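Input: a single structure, listed below in structure tokens.
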Amino acid sequence: MFQMSVEVERKFICTDETLKVLEKTGVCVGQRDFHDQYFDTANFDLTLQDFWLRNRKGSWELKCPVTMNKADQANGGQSKAEALCTRYREIIDLTDIQQKVREVLKDRGSPQPARKAETEKTEEVVDSQSRTITTDDGPKTQEDEAWLSGMNLKCFAEFTTVRRSFTLEEDGVQVDLDQADFGYNVGEIEVLVTGGEDVQSALEKIGKAAQKLGLTGNQKIPGKMDIYLQRYLPKHYEALMKAHIL
Ligand code: V4E
């Protein structure tokens, strides 16, 4: 049984007004920065199924798509709150991650020989927006290199984020303000659902927090990865758009 928690979150653009409210009503619990590396096969076998494998500060995480359960469907399915949020199950145990990734790739008929193709950022970097490519530094340990190459997984994106975190009065609601090093800022209201709690109550908490922050928009806001792919890996981005993953 995988150790799991479900992360429900809503992204937002943090205006000066929103920041003022946040600083007044929330408690700033700190600032940190982290470097993320995301991995996939050359054919995008993971991300095309909405699985996101990343290494953050030496720790592995796999975000897996969550399908709506019967209770959620009975609650009206894709509500407005739902439409603005994402939910992903997180696996953090490396053995569980490897097992899940193996299953996902098997379903796609992978592993296939790694092609020197789309995942290589150098080939996809677009004109003036180019970034320094350091993906060849890759993962640090030999063990990591072994299992990644065994499954034909390569780093396709990496960036550093400076994150300021706040807690709000609502139980378990965290607000993060992220500044990615490629020039994109985004906020997220996040609730981690573990054990007996349900996703509906998480959505309600997020809705209340959004109201408190004065967020009125009803458009889903792109995350850091959306913008990264759009700018630097247009083929990968197009493939995910076509598959309705982004
Ligand atoms: C799920 C996902 C990705 C993995 C990480 O995404 P995100 O939560 O945006 O990153 P971050 O740094 O905030 O992680 P945290 O610290 O909260 O764990 S990359 C792309 N996706 C899919 C996705 C999507 N379909 N729509 C939106 C709005 N975001 C992400």
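Chains: A, B, ... in order of the structure tokens. Residues: from 1 per chain. Ligands: from 1, in order shown.
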ask   = Per DSSP on the backbone, what are the helix (DSSP H, G or I) residues of range 199-246 of chain A, as a PyMOL selection string?
value = chain A and resi 199-212+224-232+234-242
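All residues of protein, DNA or RNA that reach within 9 Å of Leu168 in chain A, judged by only C-alpha atoms and not counting those fewer than 4 positions away in the chain, are Leu22, Thr25, Gly26, Val27, Gly172, Val173, Gln174, Val175 and Ala209 of chain A.
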Could you give me, as a PDB file with all heavy atoms, in the first residue's frame, the residues within 9 Å of Asn185 in chain A, counting only C-alpha atoms and dropping anything in the same chain fewer than 3 positions from it?
```
ATOM      1  N   ILE A  13      -2.704  34.598  -9.116  1.00  0.00           N
ATOM      2  CA  ILE A  13      -1.701  35.639  -9.352  1.00  0.00           C
ATOM      3  C   ILE A  13      -1.786  36.602  -8.176  1.00  0.00           C
ATOM      4  O   ILE A  13      -2.870  37.106  -7.854  1.00  0.00           O
ATOM      5  CB  ILE A  13      -1.969  36.375 -10.687  1.00  0.00           C
ATOM      6  CG1 ILE A  13      -1.872  35.397 -11.876  1.00  0.00           C
ATOM      7  CG2 ILE A  13      -1.013  37.554 -10.868  1.00  0.00           C
ATOM      8  CD1 ILE A  13      -0.517  34.759 -12.113  1.00  0.00           C
ATOM      9  N   CYS A  14      -0.664  36.793  -7.519  1.00  0.00           N
ATOM     10  CA  CYS A  14      -0.659  37.612  -6.307  1.00  0.00           C
ATOM     11  C   CYS A  14      -0.427  39.084  -6.658  1.00  0.00           C
ATOM     12  O   CYS A  14       0.688  39.480  -6.983  1.00  0.00           O
ATOM     13  CB  CYS A  14       0.427  37.101  -5.353  1.00  0.00           C
ATOM     14  SG  CYS A  14       0.295  37.858  -3.734  1.00  0.00           S
ATOM     15  N   LEU A 177       3.811  31.723  -1.883  1.00  0.00           N
ATOM     16  CA  LEU A 177       4.092  32.668  -2.967  1.00  0.00           C
ATOM     17  C   LEU A 177       5.420  32.271  -3.588  1.00  0.00           C
ATOM     18  O   LEU A 177       6.462  32.299  -2.918  1.00  0.00           O
ATOM     19  CB  LEU A 177       4.171  34.096  -2.428  1.00  0.00           C
ATOM     20  CG  LEU A 177       2.909  34.632  -1.737  1.00  0.00           C
ATOM     21  CD1 LEU A 177       3.121  36.097  -1.324  1.00  0.00           C
ATOM     22  CD2 LEU A 177       1.680  34.517  -2.637  1.00  0.00           C
ATOM     23  N   ASP A 178       5.365  31.838  -4.824  1.00  0.00           N
ATOM     24  CA  ASP A 178       6.549  31.299  -5.495  1.00  0.00           C
ATOM     25  C   ASP A 178       7.109  32.267  -6.534  1.00  0.00           C
ATOM     26  O   ASP A 178       6.358  32.853  -7.319  1.00  0.00           O
ATOM     27  CB  ASP A 178       6.186  30.001  -6.238  1.00  0.00           C
ATOM     28  CG  ASP A 178       6.026  28.825  -5.299  1.00  0.00           C
ATOM     29  OD1 ASP A 178       6.244  28.982  -4.082  1.00  0.00           O
ATOM     30  OD2 ASP A 178       5.675  27.732  -5.793  1.00  0.00           O
ATOM     31  N   GLN A 179       8.422  32.384  -6.523  1.00  0.00           N
ATOM     32  CA  GLN A 179       9.122  33.138  -7.577  1.00  0.00           C
ATOM     33  C   GLN A 179      10.077  32.171  -8.245  1.00  0.00           C
ATOM     34  O   GLN A 179      11.064  31.733  -7.616  1.00  0.00           O
ATOM     35  CB  GLN A 179       9.961  34.256  -6.951  1.00  0.00           C
ATOM     36  CG  GLN A 179       9.150  35.439  -6.451  1.00  0.00           C
ATOM     37  CD  GLN A 179      10.096  36.511  -5.944  1.00  0.00           C
ATOM     38  OE1 GLN A 179      10.842  36.283  -5.003  1.00  0.00           O
ATOM     39  NE2 GLN A 179      10.100  37.660  -6.585  1.00  0.00           N
ATOM     40  N   ALA A 180       9.782  31.809  -9.488  1.00  0.00           N
ATOM     41  CA  ALA A 180      10.659  30.871 -10.196  1.00  0.00           C
ATOM     42  C   ALA A 180      11.784  31.648 -10.869  1.00  0.00           C
ATOM     43  O   ALA A 180      11.574  32.786 -11.307  1.00  0.00           O
ATOM     44  CB  ALA A 180       9.863  30.083 -11.228  1.00  0.00           C
ATOM     45  N   LYS A 224       3.973  26.836 -12.533  1.00  0.00           N
ATOM     46  CA  LYS A 224       5.331  27.123 -13.018  1.00  0.00           C
ATOM     47  C   LYS A 224       5.675  26.242 -14.215  1.00  0.00           C
ATOM     48  O   LYS A 224       6.269  26.697 -15.185  1.00  0.00           O
ATOM     49  CB  LYS A 224       6.350  26.897 -11.886  1.00  0.00           C
ATOM     50  CG  LYS A 224       6.136  27.798 -10.675  1.00  0.00           C
ATOM     51  CD  LYS A 224       7.243  27.641  -9.657  1.00  0.00           C
ATOM     52  CE  LYS A 224       7.251  26.324  -8.925  1.00  0.00           C
ATOM     53  NZ  LYS A 224       6.196  26.207  -7.876  1.00  0.00           N
TER      54      LYS A 224
END
```
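Straight-line separation from CA of Cys155 in chain A to CA of Gly187 in chain A: 24.9 Å.
A straight line drawn from CA of Ala81 in chain A to CA of Lys208 in chain A is 10.1 Å long.
Nearest-residue note for ligand 1: choosing from A:Trp147, A:Phe34, A:Tyr232, A:Phe166, the minimum distance belongs to A:Phe34, counting only C-alpha atoms and all ligand atoms.
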Residues contacting ligand 1 - anything with an atom at most 7 Å away, using only C-alpha atoms and all ligand atoms - can you give me those as a PDB file with C-alpha atoms, in the first residue's frame?
```pdb
ATOM      1  CA  LYS A  11      -3.122  28.777  -8.077  1.00  0.00           C
ATOM      2  CA  ASP A  50      -0.320  13.312 -15.813  1.00  0.00           C
ATOM      3  CA  TRP A  52       5.076  14.205 -12.496  1.00  0.00           C
ATOM      4  CA  LYS A  63       2.542  13.399  -8.224  1.00  0.00           C
ATOM      5  CA  THR A  86      -5.915  20.634  -8.988  1.00  0.00           C
ATOM      6  CA  TYR A  88      -2.711  15.086  -7.006  1.00  0.00           C
ATOM      7  CA  LYS A 220      -7.451  28.469 -13.789  1.00  0.00           C
ATOM      8  CA  ILE A 221      -4.006  30.018 -13.355  1.00  0.00           C
ATOM      9  CA  PRO A 222      -1.041  28.246 -14.945  1.00  0.00           C
ATOM     10  CA  GLY A 223       1.575  26.730 -12.698  1.00  0.00           C
ATOM     11  CA  LYS A 224       5.331  27.123 -13.018  1.00  0.00           C
ATOM     12  CA  MET A 225       5.645  24.034 -15.181  1.00  0.00           C
ATOM     13  CA  ASP A 226       2.989  25.217 -17.655  1.00  0.00           C
ATOM     14  CA  ILE A 245      -3.131  17.350 -19.469  1.00  0.00           C
ATOM     15  CA  LEU A 246      -2.461  21.087 -19.209  1.00  0.00           C
TER      16      LEU A 246
END
```
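Among the candidates A:Glu82, A:Gln200, A:Arg102, A:Cys64, the residue lying nearest to Gly150 in chain A is A:Arg102 (atoms considered: only C-alpha atoms).
Using only C-alpha atoms, the nearest neighbour of Thr160 in chain A within the list A:Lys24, A:Arg32, A:Arg10, A:Arg89 is A:Arg32.
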task = For range 46-49 of chain A, work out the shell of residues within 10 Å, counting only C-alpha atoms and skipping chain neighbours fewer than 3 positions away, then give it as a PyMOL selection string.
result = chain A and resi 38-43+52-53+63-65+101+104-105+108+153+236+239-246
